[in-house]
$ cat target05.csv   # CSV, C-alpha atoms
chain,number,residue,atom,x,y,z
A,1358,MET,CA,0.0,0.0,0.0
A,1359,PRO,CA,1.3,3.5,-0.7
A,1360,ASP,CA,2.4,5.6,2.3
A,1361,ASP,CA,1.5,9.2,3.1
A,1362,ALA,CA,4.4,10.6,1.1
A,1363,ASP,CA,3.1,8.7,-2.0
A,1364,PHE,CA,-0.3,10.1,-1.4
A,1365,GLU,CA,1.0,13.6,-1.3
A,1366,MET,CA,2.7,12.9,-4.7
A,1367,MET,CA,-0.5,11.4,-6.2
A,1368,MET,CA,-2.5,14.3,-5.0
A,1369,GLN,CA,0.0,16.8,-6.5
A,1370,ALA,CA,-0.2,15.0,-9.8
A,1371,LEU,CA,-4.0,15.4,-9.7
A,1372,ALA,CA,-3.9,19.0,-8.6
A,1373,GLY,CA,-3.7,20.3,-12.2
A,1374,ASP,CA,-7.0,18.5,-13.0
A,1375,PHE,CA,-8.5,20.1,-9.9
A,1376,LEU,CA,-7.4,23.6,-11.0
A,1377,ASP,CA,-8.7,23.0,-14.5
A,1378,GLU,CA,-12.1,21.9,-13.2
A,1379,CYS,CA,-12.2,24.9,-10.9
A,1380,ALA,CA,-11.6,27.2,-13.9
A,1381,ASP,CA,-14.6,25.6,-15.7
A,1382,LYS,CA,-16.7,26.0,-12.6
A,1383,LEU,CA,-15.7,29.7,-12.3
A,1384,MET,CA,-16.8,30.3,-15.9
A,1385,GLN,CA,-20.3,29.1,-14.9
A,1386,VAL,CA,-20.1,31.3,-11.8
A,1387,GLU,CA,-19.1,34.3,-14.1
A,1388,GLU,CA,-22.2,33.6,-16.3
A,1389,ASN,CA,-24.4,33.6,-13.2
A,1390,LEU,CA,-22.8,36.9,-12.0
A,1391,ASP,CA,-23.6,38.3,-15.5
A,1392,ASN,CA,-27.2,37.1,-15.1
A,1393,LEU,CA,-27.4,39.0,-11.8
A,1394,ARG,CA,-25.9,42.1,-13.3
A,1395,ASN,CA,-28.2,42.0,-16.3
A,1396,GLU,CA,-31.2,41.0,-14.2
A,1397,ALA,CA,-31.7,37.9,-16.4
A,1398,GLY,CA,-33.7,35.2,-14.7
A,1399,ARG,CA,-34.6,34.9,-11.1
A,1400,PRO,CA,-31.7,36.3,-8.9
A,1401,GLY,CA,-32.4,33.6,-6.2
A,1402,ASP,CA,-31.7,30.9,-8.8
A,1403,SER,CA,-28.4,32.5,-9.9
A,1404,ILE,CA,-27.3,32.8,-6.3
A,1405,LEU,CA,-28.2,29.2,-5.7
A,1406,ARG,CA,-26.1,28.1,-8.7
A,1407,ILE,CA,-23.2,30.3,-7.6
A,1408,LYS,CA,-23.3,28.8,-4.1
A,1409,ARG,CA,-23.4,25.3,-5.4
A,1410,ASP,CA,-20.4,25.8,-7.7
A,1411,VAL,CA,-18.4,27.6,-5.0
A,1412,HIS,CA,-19.2,24.8,-2.6
A,1413,SER,CA,-18.0,22.2,-5.1
A,1414,ILE,CA,-14.7,24.1,-5.5
A,1415,LYS,CA,-14.4,24.5,-1.7
A,1416,GLY,CA,-14.2,20.8,-1.0
A,1417,GLY,CA,-11.1,20.2,-3.1
A,1418,GLY,CA,-9.0,23.2,-2.1
A,1419,THR,CA,-7.4,21.8,1.0
A,1420,PRO,CA,-6.7,18.2,-0.1
A,1421,TYR,CA,-5.2,19.5,-3.4
A,1422,GLY,CA,-2.9,21.9,-1.5
A,1423,PHE,CA,-4.8,25.2,-2.0
A,1424,PRO,CA,-6.5,25.9,1.4
A,1425,THR,CA,-6.9,29.6,0.6
A,1426,ILE,CA,-9.2,28.6,-2.2
A,1427,SER,CA,-11.3,26.8,0.4
A,1428,LYS,CA,-11.2,29.8,2.7
A,1429,LEU,CA,-12.3,32.2,0.0
A,1430,CYS,CA,-15.2,29.9,-0.9
A,1431,HIS,CA,-16.1,29.7,2.8
A,1432,GLY,CA,-15.9,33.5,2.9
A,1433,LEU,CA,-18.3,33.8,0.0
A,1434,GLU,CA,-20.8,31.4,1.7
A,1435,ASP,CA,-20.6,33.4,4.9
A,1436,TYR,CA,-21.1,36.6,2.9
A,1437,ILE,CA,-24.3,35.2,1.4
A,1438,GLU,CA,-25.4,33.9,4.8
A,1439,THR,CA,-24.9,37.2,6.6
A,1440,THR,CA,-26.6,39.3,3.9
A,1441,SER,CA,-30.1,39.8,5.2
A,1442,ASP,CA,-31.6,39.4,1.7
A,1443,PRO,CA,-29.8,36.7,-0.3
A,1444,ASN,CA,-31.7,37.7,-3.4
A,1445,ASN,CA,-30.3,41.2,-3.3
A,1446,VAL,CA,-26.6,40.7,-2.8
A,1447,ASP,CA,-24.1,43.1,-4.3
A,1448,VAL,CA,-22.6,41.5,-7.5
A,1449,THR,CA,-19.4,43.7,-7.1
A,1450,ASP,CA,-18.8,42.1,-3.7
A,1451,LEU,CA,-19.3,38.6,-5.1
A,1452,GLN,CA,-16.9,39.4,-7.9
A,1453,ILE,CA,-14.2,40.2,-5.3
A,1454,PHE,CA,-14.4,36.7,-3.8
A,1455,ILE,CA,-14.4,35.2,-7.3
A,1456,ASP,CA,-11.5,37.3,-8.5
A,1457,GLY,CA,-9.5,36.1,-5.4
A,1458,ILE,CA,-10.2,32.4,-6.2
A,1459,SER,CA,-9.6,33.0,-9.9
A,1460,SER,CA,-6.2,34.6,-9.3
A,1461,ILE,CA,-5.0,31.5,-7.3
A,1462,ILE,CA,-6.3,29.2,-9.9
A,1463,HIS,CA,-4.5,31.1,-12.7
A,1464,GLU,CA,-1.3,31.5,-10.8
A,1465,ARG,CA,-1.5,27.8,-9.7
A,1466,LYS,CA,0.2,28.8,-6.5
A,1467,GLU,CA,-1.0,28.9,-2.9
A,1468,PRO,CA,-0.5,32.4,-1.5
A,1469,SER,CA,2.0,33.0,1.3
A,1470,GLU,CA,0.7,33.4,4.9
A,1471,ASP,CA,1.0,37.2,4.6
A,1472,GLU,CA,-0.8,37.2,1.3
A,1473,GLN,CA,-3.5,35.0,2.7
A,1474,GLU,CA,-4.1,37.3,5.6
A,1475,MET,CA,-4.2,40.3,3.4
A,1476,LEU,CA,-6.5,38.6,0.9
A,1477,LEU,CA,-9.0,37.4,3.5
A,1478,LYS,CA,-9.1,40.7,5.4
A,1479,SER,CA,-9.8,42.6,2.2
A,1480,LEU,CA,-13.0,40.6,1.5
A,1481,PRO,CA,-16.3,42.5,1.8
A,1482,SER,CA,-18.8,42.0,4.5
A,1483,GLY,CA,-22.5,41.4,4.0
A,1484,ARG,CA,-23.4,44.9,5.3
A,1485,LYS,CA,-24.4,47.7,2.9
A,1486,GLN,CA,-24.2,51.4,3.6
A,1487,SER,CA,-26.9,53.6,2.1
A,1488,GLY,CA,-24.6,54.3,-0.9
A,1489,GLY,CA,-24.2,50.6,-1.5
A,1490,THR,CA,-20.6,50.3,-0.4
A,1491,SER,CA,-19.5,47.6,2.1
A,1492,ILE,CA,-17.5,48.7,5.1
A,1493,ALA,CA,-15.6,46.6,7.6
A,1494,LYS,CA,-14.8,48.0,11.0
A,1495,ALA,CA,-13.4,44.9,12.5
A,1496,VAL,CA,-13.3,41.2,11.8
A,1497,GLY,CA,-15.2,38.8,14.0
A,1498,LEU,CA,-15.1,35.1,14.1
A,1499,LEU,CA,-18.2,33.3,15.3
A,1500,ILE,CA,-17.9,29.7,16.5
A,1501,ILE,CA,-21.5,28.8,16.8
A,1502,PRO,CA,-23.4,25.6,15.7
A,1503,LYS,CA,-25.6,26.2,12.6
A,1504,ASN,CA,-28.9,27.5,14.1
A,1505,LEU,CA,-31.2,30.4,14.1
A,1506,GLN,CA,-29.2,32.2,16.8
A,1507,ARG,CA,-26.0,32.1,14.6
A,1508,LYS,CA,-28.0,33.6,11.7
A,1509,VAL,CA,-29.4,36.4,13.9
A,1510,ILE,CA,-26.0,37.3,15.4
A,1511,SER,CA,-24.1,37.1,12.1
A,1512,GLN,CA,-26.7,39.3,10.4
A,1513,GLU,CA,-26.8,41.8,13.2
A,1514,LEU,CA,-23.0,42.1,13.2
A,1515,ALA,CA,-22.9,42.4,9.4
A,1516,GLN,CA,-25.5,45.1,9.7
A,1517,LEU,CA,-23.3,47.0,12.1
A,1518,GLY,CA,-20.5,46.8,9.5
A,1519,PHE,CA,-18.4,44.0,11.0
A,1520,LYS,CA,-16.9,41.4,8.7
A,1521,VAL,CA,-18.0,38.1,10.0
A,1522,THR,CA,-16.6,34.6,9.5
A,1523,LEU,CA,-18.6,31.6,10.6
A,1524,GLU,CA,-17.3,28.3,11.9
A,1525,SER,CA,-19.1,25.5,13.7
A,1526,GLU,CA,-16.2,23.1,14.3
A,1527,PRO,CA,-13.5,24.2,16.8
A,1528,VAL,CA,-10.5,22.7,15.0
A,1529,ALA,CA,-11.5,24.3,11.7
A,1530,ALA,CA,-12.1,27.5,13.7
A,1531,ILE,CA,-8.6,27.7,15.2
A,1532,ASP,CA,-7.1,27.1,11.7
A,1533,THR,CA,-9.2,30.0,10.4
A,1534,ALA,CA,-8.3,32.2,13.3
A,1535,LEU,CA,-4.5,31.7,12.9
A,1536,VAL,CA,-4.8,32.9,9.3
A,1537,LEU,CA,-7.5,35.6,9.7
A,1538,LYS,CA,-6.3,36.9,13.1
A,1539,PRO,CA,-9.8,38.2,13.9
A,1540,ASP,CA,-10.3,41.2,16.2
A,1541,PHE,CA,-12.9,39.4,18.3
A,1542,VAL,CA,-14.2,35.9,18.7
A,1543,ILE,CA,-17.7,34.9,19.9
A,1544,VAL,CA,-18.0,31.3,21.0
A,1545,SER,CA,-21.2,29.4,21.8
A,1546,MET,CA,-21.0,27.8,25.3
A,1547,ILE,CA,-22.6,24.6,23.9
A,1548,ASN,CA,-20.8,23.0,21.0
A,1549,GLU,CA,-20.5,19.5,19.6
A,1550,ARG,CA,-17.1,18.5,21.0
A,1551,LEU,CA,-15.9,21.2,23.3
A,1552,THR,CA,-17.5,23.7,25.6
A,1553,GLY,CA,-17.2,27.4,24.8
A,1554,ILE,CA,-14.8,27.9,27.8
A,1555,GLU,CA,-12.5,25.1,26.5
A,1556,ILE,CA,-12.4,26.7,23.1
A,1557,VAL,CA,-11.6,30.1,24.4
A,1558,ASN,CA,-8.8,28.7,26.6
A,1559,MET,CA,-7.5,26.8,23.5
A,1560,PHE,CA,-7.5,30.1,21.5
A,1561,MET,CA,-5.9,32.1,24.2
A,1562,ALA,CA,-3.1,29.6,24.6
A,1563,ALA,CA,-1.9,30.6,21.1
A,1564,LYS,CA,0.4,33.7,21.3
A,1565,VAL,CA,-1.0,35.3,18.2
A,1566,LEU,CA,-4.6,35.0,19.5
A,1567,SER,CA,-4.0,35.7,23.2
A,1568,SER,CA,-4.7,39.5,23.0
A,1569,LYS,CA,-7.9,39.2,21.0
A,1570,PHE,CA,-11.4,40.0,22.5
A,1571,TYR,CA,-13.4,36.9,23.4
A,1572,ALA,CA,-17.0,36.5,24.4
A,1573,ILE,CA,-19.0,33.4,25.4
A,1574,LEU,CA,-22.6,33.1,24.2
A,1575,SER,CA,-24.7,31.3,26.8
A,1576,ALA,CA,-28.0,31.1,28.4
A,1577,ASP,CA,-26.3,30.7,31.8
A,1578,ASP,CA,-24.1,33.0,33.8
A,1579,VAL,CA,-20.8,31.3,33.0
A,1580,LYS,CA,-18.9,34.2,34.5
A,1581,GLN,CA,-18.9,32.2,37.7
A,1582,SER,CA,-16.9,29.4,36.1
A,1583,PRO,CA,-13.4,29.1,37.5
A,1584,GLU,CA,-12.1,27.9,34.1
A,1585,LEU,CA,-13.2,31.1,32.4
A,1586,PRO,CA,-10.4,33.7,32.1
A,1587,ASN,CA,-11.3,37.1,33.7
A,1588,ASN,CA,-11.1,39.2,30.5
A,1589,VAL,CA,-13.7,37.1,28.6
A,1590,SER,CA,-17.1,38.7,28.2
A,1591,LEU,CA,-20.5,37.0,28.4
A,1592,ILE,CA,-23.2,37.6,25.9
A,1593,LYS,CA,-26.3,36.2,27.6
A,1594,LYS,CA,-29.1,34.8,25.6
A,1595,GLY,CA,-32.5,36.3,26.4
A,1596,ARG,CA,-33.6,39.8,27.5
A,1597,ASP,CA,-30.1,41.4,27.6
A,1598,PHE,CA,-28.7,39.8,24.5
A,1599,SER,CA,-28.6,42.8,22.2
A,1600,ARG,CA,-27.2,45.0,24.9
A,1601,ASP,CA,-24.4,42.5,25.8
A,1602,LEU,CA,-23.6,42.0,22.1
A,1603,LEU,CA,-23.3,45.7,21.4
A,1604,THR,CA,-21.3,46.4,24.6
A,1605,PHE,CA,-18.9,43.7,23.6
A,1606,VAL,CA,-18.4,44.7,19.9
A,1607,HIS,CA,-18.0,48.4,20.8
A,1608,GLN,CA,-15.3,47.5,23.2
A,1609,THR,CA,-13.4,45.9,20.3
A,1610,CYS,CA,-13.8,49.1,18.2
A,1611,GLU,CA,-12.6,51.4,20.9
A,1612,THR,CA,-9.1,49.9,20.9
B,787,MET,CA,-1.0,-15.0,-4.9
B,788,ASN,CA,-3.2,-12.8,-2.8
B,789,THR,CA,-6.7,-14.2,-3.2
B,790,GLU,CA,-8.4,-11.8,-0.7
B,791,ILE,CA,-11.6,-10.5,-2.0
B,792,LYS,CA,-11.7,-6.7,-2.0
B,793,PRO,CA,-14.8,-4.7,-1.1
B,794,THR,CA,-16.3,-3.1,-4.2
B,795,ALA,CA,-17.1,0.6,-4.2
B,796,ILE,CA,-18.7,3.3,-6.2
B,797,ILE,CA,-18.2,7.1,-5.9
B,798,ILE,CA,-20.9,9.7,-6.4
B,799,ASP,CA,-19.6,13.3,-6.6
B,800,ASP,CA,-20.2,16.1,-9.0
B,801,MET,CA,-16.5,17.1,-9.1
B,802,GLU,CA,-14.4,14.9,-11.3
B,803,SER,CA,-11.3,15.8,-9.4
B,804,MET,CA,-12.9,14.8,-6.1
B,805,ARG,CA,-13.9,11.4,-7.7
B,806,LYS,CA,-10.3,11.0,-8.8
B,807,MET,CA,-9.1,11.7,-5.2
B,808,ALA,CA,-11.6,9.3,-3.8
B,809,LYS,CA,-10.5,6.6,-6.2
B,810,VAL,CA,-6.9,7.0,-5.1
B,811,MET,CA,-7.9,6.9,-1.5
B,812,LEU,CA,-10.3,4.0,-1.7
B,813,GLY,CA,-7.8,2.0,-3.7
B,814,ALA,CA,-5.2,2.6,-1.1
B,815,VAL,CA,-7.5,1.3,1.7
B,816,GLY,CA,-8.1,-1.9,-0.1
B,817,CYS,CA,-11.3,-1.3,-2.1
B,818,GLU,CA,-12.0,-2.1,-5.7
B,819,ILE,CA,-13.6,0.9,-7.5
B,820,ILE,CA,-16.3,-0.4,-9.9
B,821,GLY,CA,-18.0,2.8,-11.0
B,822,GLU,CA,-18.5,6.5,-10.5
B,823,ALA,CA,-21.3,9.0,-11.1
B,824,GLU,CA,-21.6,12.7,-11.2
B,825,ASN,CA,-24.9,13.1,-9.5
B,826,GLY,CA,-27.4,11.1,-7.4
B,827,GLN,CA,-29.7,10.2,-10.2
B,828,ILE,CA,-27.0,8.4,-12.2
B,829,GLY,CA,-25.6,7.1,-8.9
B,830,VAL,CA,-28.8,5.3,-7.9
B,831,LYS,CA,-28.9,3.6,-11.3
B,832,LEU,CA,-25.3,2.7,-11.0
B,833,TYR,CA,-25.9,1.2,-7.6
B,834,GLN,CA,-28.7,-1.0,-8.9
B,835,GLU,CA,-26.5,-2.2,-11.8
B,836,LYS,CA,-23.3,-2.8,-9.9
B,837,LYS,CA,-24.5,-3.7,-6.4
B,838,PRO,CA,-21.3,-2.4,-4.7
B,839,ASP,CA,-20.3,-3.2,-1.1
B,840,LEU,CA,-19.8,0.5,-0.4
B,841,VAL,CA,-21.0,3.9,-1.7
B,842,LEU,CA,-19.0,7.1,-1.1
B,843,LEU,CA,-21.5,9.8,-1.5
B,844,ASP,CA,-21.1,13.6,-1.7
B,845,ILE,CA,-23.8,15.8,-0.1
B,846,GLU,CA,-24.0,18.9,-2.2
B,847,MET,CA,-24.7,18.0,-5.9
B,848,PRO,CA,-26.9,19.2,-8.7
B,849,VAL,CA,-29.8,17.2,-10.1
B,850,LYS,CA,-30.2,15.0,-7.0
B,851,ASP,CA,-28.4,15.8,-3.8
B,852,GLY,CA,-26.7,13.5,-1.3
B,853,ILE,CA,-29.5,13.2,1.2
B,854,SER,CA,-32.2,12.3,-1.3
B,855,THR,CA,-29.8,10.0,-3.0
B,856,LEU,CA,-29.1,8.3,0.3
B,857,LYS,CA,-32.8,7.9,0.9
B,858,SER,CA,-33.3,6.4,-2.6
B,859,LEU,CA,-30.4,4.0,-2.1
B,860,LEU,CA,-31.7,2.8,1.3
B,861,ILE,CA,-35.2,2.3,-0.1
B,862,LYS,CA,-33.8,0.1,-2.8
B,863,ASP,CA,-31.4,-1.7,-0.5
B,864,PRO,CA,-31.8,-1.1,3.2
B,865,ALA,CA,-28.4,-2.8,3.8
B,866,ALA,CA,-26.5,-0.5,1.6
B,867,ASN,CA,-23.2,0.8,3.1
B,868,VAL,CA,-23.3,4.5,2.4
B,869,VAL,CA,-20.5,6.8,3.6
B,870,MET,CA,-21.1,10.6,3.2
B,871,MET,CA,-18.4,13.0,2.0
B,872,THR,CA,-18.7,16.5,3.3
B,873,THR,CA,-17.0,19.7,4.3
B,874,VAL,CA,-16.7,20.6,8.0
B,875,SER,CA,-19.3,23.3,7.8
B,876,ASN,CA,-22.0,20.8,7.0
B,877,MET,CA,-22.2,18.9,10.3
B,878,ALA,CA,-26.0,19.5,10.8
B,879,VAL,CA,-26.6,17.9,7.4
B,880,VAL,CA,-24.3,15.0,8.2
B,881,GLU,CA,-26.3,14.3,11.4
B,882,SER,CA,-29.4,14.1,9.3
B,883,CYS,CA,-27.7,11.7,7.0
B,884,ILE,CA,-26.6,9.5,9.9
B,885,TYR,CA,-30.1,9.5,11.2
B,886,ALA,CA,-31.4,8.6,7.8
B,887,GLY,CA,-29.1,5.5,7.7
B,888,ALA,CA,-25.7,6.5,6.4
B,889,LYS,CA,-23.0,4.3,7.9
B,890,ASP,CA,-20.5,7.1,8.5
B,891,TYR,CA,-19.0,10.3,7.1
B,892,ILE,CA,-15.6,11.7,6.1
B,893,HIS,CA,-14.5,15.3,5.8
B,894,LYS,CA,-13.1,15.8,2.3
B,895,ASP,CA,-11.6,19.3,3.0
B,896,LYS,CA,-8.6,17.9,4.9
B,897,ASP,CA,-5.1,17.1,3.9
B,898,PRO,CA,-4.7,13.8,1.9
B,899,ALA,CA,-3.1,11.8,4.8
B,900,THR,CA,-5.9,12.8,7.2
B,901,ILE,CA,-8.6,11.8,4.7
B,902,LYS,CA,-6.9,8.5,4.0
B,903,ALA,CA,-6.6,7.7,7.7
B,904,ARG,CA,-10.2,8.5,8.3
B,905,LEU,CA,-11.3,6.4,5.3
B,906,GLU,CA,-9.3,3.5,6.5
B,907,GLU,CA,-11.0,3.7,9.9
B,908,VAL,CA,-14.5,3.9,8.3
B,909,VAL,CA,-13.9,1.1,5.8
B,910,GLY,CA,-12.4,-1.0,8.6
B,911,ASP,CA,-15.5,-0.5,10.8
B,912,ILE,CA,-17.9,-1.4,8.0
B,913,PHE,CA,-16.1,-4.6,6.8
B,914,LYS,CA,-14.6,-5.8,10.1

$ encode --input "target05.csv" --output "structure tokens"
Amino acid sequence: MPDDADFEMMMQALAGDFLDECADKLMQVEENLDNLRNEAGRPGDSILRIKRDVHSIKGGGTPYGFPTISKLCHGLEDYIETTSDPNNVDVTDLQIFIDGISSIIHERKEPSEDEQEMLLKSLPSGRKQSGGTSIAKAVGLLIIPKNLQRKVISQELAQLGFKVTLESEPVAAIDTALVLKPDFVIVSMINERLTGIEIVNMFMAAKVLSSKFYAILSADDVKQSPELPNNVSLIKKGRDFSRDLLTFVHQTCET
Amino acid sequence: MNTEIKPTAIIIDDMESMRKMAKVMLGAVGCEIIGEAENGQIGVKLYQEKKPDLVLLDIEMPVKDGISTLKSLLIKDPAANVVMMTTVSNMAVVESCIYAGAKDYIHKDKDPATIKARLEEVVGDIFK
């Protein structure tokens, strides 16, 4: 049986096919972007096709040695999820994501760590100002299982102008955080494999992430927990949710 | 001569490059690949024709997605061994697939060695 090194070689040999297939998929995406620009067909259908093609590309990025392609695709999915009206997204914004993916595919080279960070931070958020331009005050990472609460928080933050990246799996989240270096991180207390406190402690143990702002999203007053570091905020579900969320994110903007 | 019978497998995924990757991986964990399909509709027909021991099934596909394909396969053969392929952000959907009768799942957006190790574990559990 071939060992892991053989696998890497086999996968490298197939990487060219992956990039060619991505280029074909991107042509379909460009056609759907044109449909949106020209108001041809139903916008919801074009968005759905774009999401499907981008999702297909996303799956192969990491195994074929292009994790930034996967991250850009993930960013585009987040953008659509955090835009309050998916049928009315800004085509110019979508084009920025697609151009980023396209440039990697054409250069056939994974960007350096610095280039990755710059690329990911330059992506638009789902928020629109009255003039139609996206702004991004700060970058937030939300580690929350896929549910209604996640949708509400991400849309609320996007409306406030924050760029939001969504993760539901802690290991994937730390990988994203190490590249993205978000300004703040909001973690659900209840997750599939680790508690919110465990995730926060894991993040804070990494030097590059130790000085970021953290908040736990919980229905209970977890501030009493001895495992919770002092400087972590609590966003309590229920009556005070909006107040807690705003207090926390404003704190990140003030610094 | 090695006379060991290998489990047979088919792959259903809309991305050709992902099918190629799955072929390499399945071959390496001791499976014989006897067919592939680019969507669920073709995949269900292929299953009936080939009767493989294992199906590696993508979740997000055009024409017929992974969940409805899984359900169709299990209606036709309740004993079908179906393993879902997904990205990490799709865990809620994966749970639905497991409840619906999928044997297991693998994350395809990982490095090749991790995918292979996971596939080895999954195939080992099914055919132990």

$ interface_residues --input "target05.csv" --of "chain A" --to "chain B" --cutoff "8 Å" --atoms "all atoms listed in the file" --output "compact mmCIF listing (two decimals) with C-alpha atoms, in the coordinates of the input"
# COMPACT_ATOMS: atom_id res chain seq x y z
CA MET A 1358 0.00 0.00 0.00
CA PRO A 1359 1.30 3.50 -0.70
CA ASP A 1361 1.50 9.20 3.10
CA PHE A 1364 -0.30 10.10 -1.40
CA GLU A 1365 1.00 13.60 -1.30
CA MET A 1367 -0.50 11.40 -6.20
CA MET A 1368 -2.50 14.30 -5.00
CA LEU A 1371 -4.00 15.40 -9.70
CA ASP A 1374 -7.00 18.50 -13.00
CA PHE A 1375 -8.50 20.10 -9.90
CA GLU A 1378 -12.10 21.90 -13.20
CA ARG A 1409 -23.40 25.30 -5.40
CA HIS A 1412 -19.20 24.80 -2.60
CA SER A 1413 -18.00 22.20 -5.10
CA LYS A 1415 -14.40 24.50 -1.70
CA GLY A 1416 -14.20 20.80 -1.00
CA GLY A 1417 -11.10 20.20 -3.10
CA GLY A 1418 -9.00 23.20 -2.10
CA THR A 1419 -7.40 21.80 1.00
CA PRO A 1420 -6.70 18.20 -0.10
CA TYR A 1421 -5.20 19.50 -3.40
CA GLY A 1422 -2.90 21.90 -1.50
CA SER A 1427 -11.30 26.80 0.40
CA LYS A 1503 -25.60 26.20 12.60
CA GLU A 1524 -17.30 28.30 11.90
CA SER A 1525 -19.10 25.50 13.70
CA GLU A 1526 -16.20 23.10 14.30
CA ALA A 1529 -11.50 24.30 11.70

$ residues_around --input "target05.csv" --residues "Ile1543 in chain A" --least-positions-apart "6" --cutoff "10 Å" --atoms "all atoms listed in the file" --output "PyMOL selection string"
chain A and resi 1497-1501+1510+1523+1553+1557+1570-1574+1589-1592+1602+1605-1606

$ closest_residue --input "target05.csv" --among "B:Asn825, B:Thr794, B:Ser858, B:Ser882" --to "Phe913 in chain B" --atoms "all atoms listed in the file"
B:Thr794

$ atom_distance --input "target05.csv" --atom1 "CA of Gln1385 in chain A" --atom2 "CA of Asp1410 in chain A"
7.9 Å

$ closest_residue --input "target05.csv" --among "B:Ala795, B:Glu907, B:Glu881, B:Ile820" --to "Asn867 in chain B" --atoms "only C-alpha atoms"
B:Ala795

$ residues_around --input "target05.csv" --residues "Val908 in chain B" --least-positions-apart "6" --cutoff "9 Å" --atoms "all atoms listed in the file" --output "PyMOL selection string"
chain B and resi 869+889-892

$ write_last_selection --input "target05.csv" --atoms "C-alpha atoms" --output "JSON list (two decimals), keeping the file's coordinate frame"
[["chain", "number", "residue", "atom", "x", "y", "z"],
["B", 869, "VAL", "CA", -20.50, 6.80, 3.60],
["B", 889, "LYS", "CA", -23.00, 4.30, 7.90],
["B", 890, "ASP", "CA", -20.50, 7.10, 8.50],
["B", 891, "TYR", "CA", -19.00, 10.30, 7.10],
["B", 892, "ILE", "CA", -15.60, 11.70, 6.10]]

$ closest_residue --input "target05.csv" --among "B:Ala808, B:Tyr833, B:Ala886, B:Pro793" --to "Leu905 in chain B" --atoms "all atoms listed in the file"
B:Ala808

$ atom_distance --input "target05.csv" --atom1 "CA of Ile861 in chain B" --atom2 "CA of Leu842 in chain B"
16.9 Å

$ residues_around --input "target05.csv" --residues "Ser854 in chain B" --least-positions-apart "5" --cutoff "10 Å" --atoms "only C-alpha atoms" --output "PDB file with C-alpha atoms, keeping the file's coordinate frame"
ATOM      1  CA  GLY B 826     -27.400  11.100  -7.400  1.00  0.00           C
ATOM      2  CA  GLN B 827     -29.700  10.200 -10.200  1.00  0.00           C
ATOM      3  CA  ILE B 845     -23.800  15.800  -0.100  1.00  0.00           C
ATOM      4  CA  LEU B 859     -30.400   4.000  -2.100  1.00  0.00           C
ATOM      5  CA  LEU B 860     -31.700   2.800   1.300  1.00  0.00           C
ATOM      6  CA  CYS B 883     -27.700  11.700   7.000  1.00  0.00           C
ATOM      7  CA  ALA B 886     -31.400   8.600   7.800  1.00  0.00           C
TER       8      ALA B 886
END

$ atom_distance --input "target05.csv" --atom1 "CA of Ile1426 in chain A" --atom2 "CA of Ala823 in chain B"
24.7 Å

$ residues_near_point --input "target05.csv" --point "(-5.6, 28.8, 23.2)" --cutoff "12 Å" --atoms "all atoms listed in the file" --output "ChimeraX atom specification"
/A:1527-1528,1530-1532,1534-1535,1553-1569,1571,1586

$ closest_residue --input "target05.csv" --among "B:Ile791, B:Ala866, B:Val849, B:Ile884" --to "Gln834 in chain B" --atoms "all atoms listed in the file"
B:Ala866

$ residues_near_point --input "target05.csv" --point "(-2.1, 35.5, 2.0)" --cutoff "12 Å" --atoms "only C-alpha atoms" --output "NGL selection string"
:A and (1423-1426 or 1428-1429 or 1457-1458 or 1461 or 1466-1479 or 1535-1538)

$ write_last_selection --input "target05.csv" --atoms "C-alpha atoms" --output "compact mmCIF listing (two decimals), in the coordinates of the input"
# COMPACT_ATOMS: atom_id res chain seq x y z
CA PHE A 1423 -4.80 25.20 -2.00
CA PRO A 1424 -6.50 25.90 1.40
CA THR A 1425 -6.90 29.60 0.60
CA ILE A 1426 -9.20 28.60 -2.20
CA LYS A 1428 -11.20 29.80 2.70
CA LEU A 1429 -12.30 32.20 0.00
CA GLY A 1457 -9.50 36.10 -5.40
CA ILE A 1458 -10.20 32.40 -6.20
CA ILE A 1461 -5.00 31.50 -7.30
CA LYS A 1466 0.20 28.80 -6.50
CA GLU A 1467 -1.00 28.90 -2.90
CA PRO A 1468 -0.50 32.40 -1.50
CA SER A 1469 2.00 33.00 1.30
CA GLU A 1470 0.70 33.40 4.90
CA ASP A 1471 1.00 37.20 4.60
CA GLU A 1472 -0.80 37.20 1.30
CA GLN A 1473 -3.50 35.00 2.70
CA GLU A 1474 -4.10 37.30 5.60
CA MET A 1475 -4.20 40.30 3.40
CA LEU A 1476 -6.50 38.60 0.90
CA LEU A 1477 -9.00 37.40 3.50
CA LYS A 1478 -9.10 40.70 5.40
CA SER A 1479 -9.80 42.60 2.20
CA LEU A 1535 -4.50 31.70 12.90
CA VAL A 1536 -4.80 32.90 9.30
CA LEU A 1537 -7.50 35.60 9.70
CA LYS A 1538 -6.30 36.90 13.10
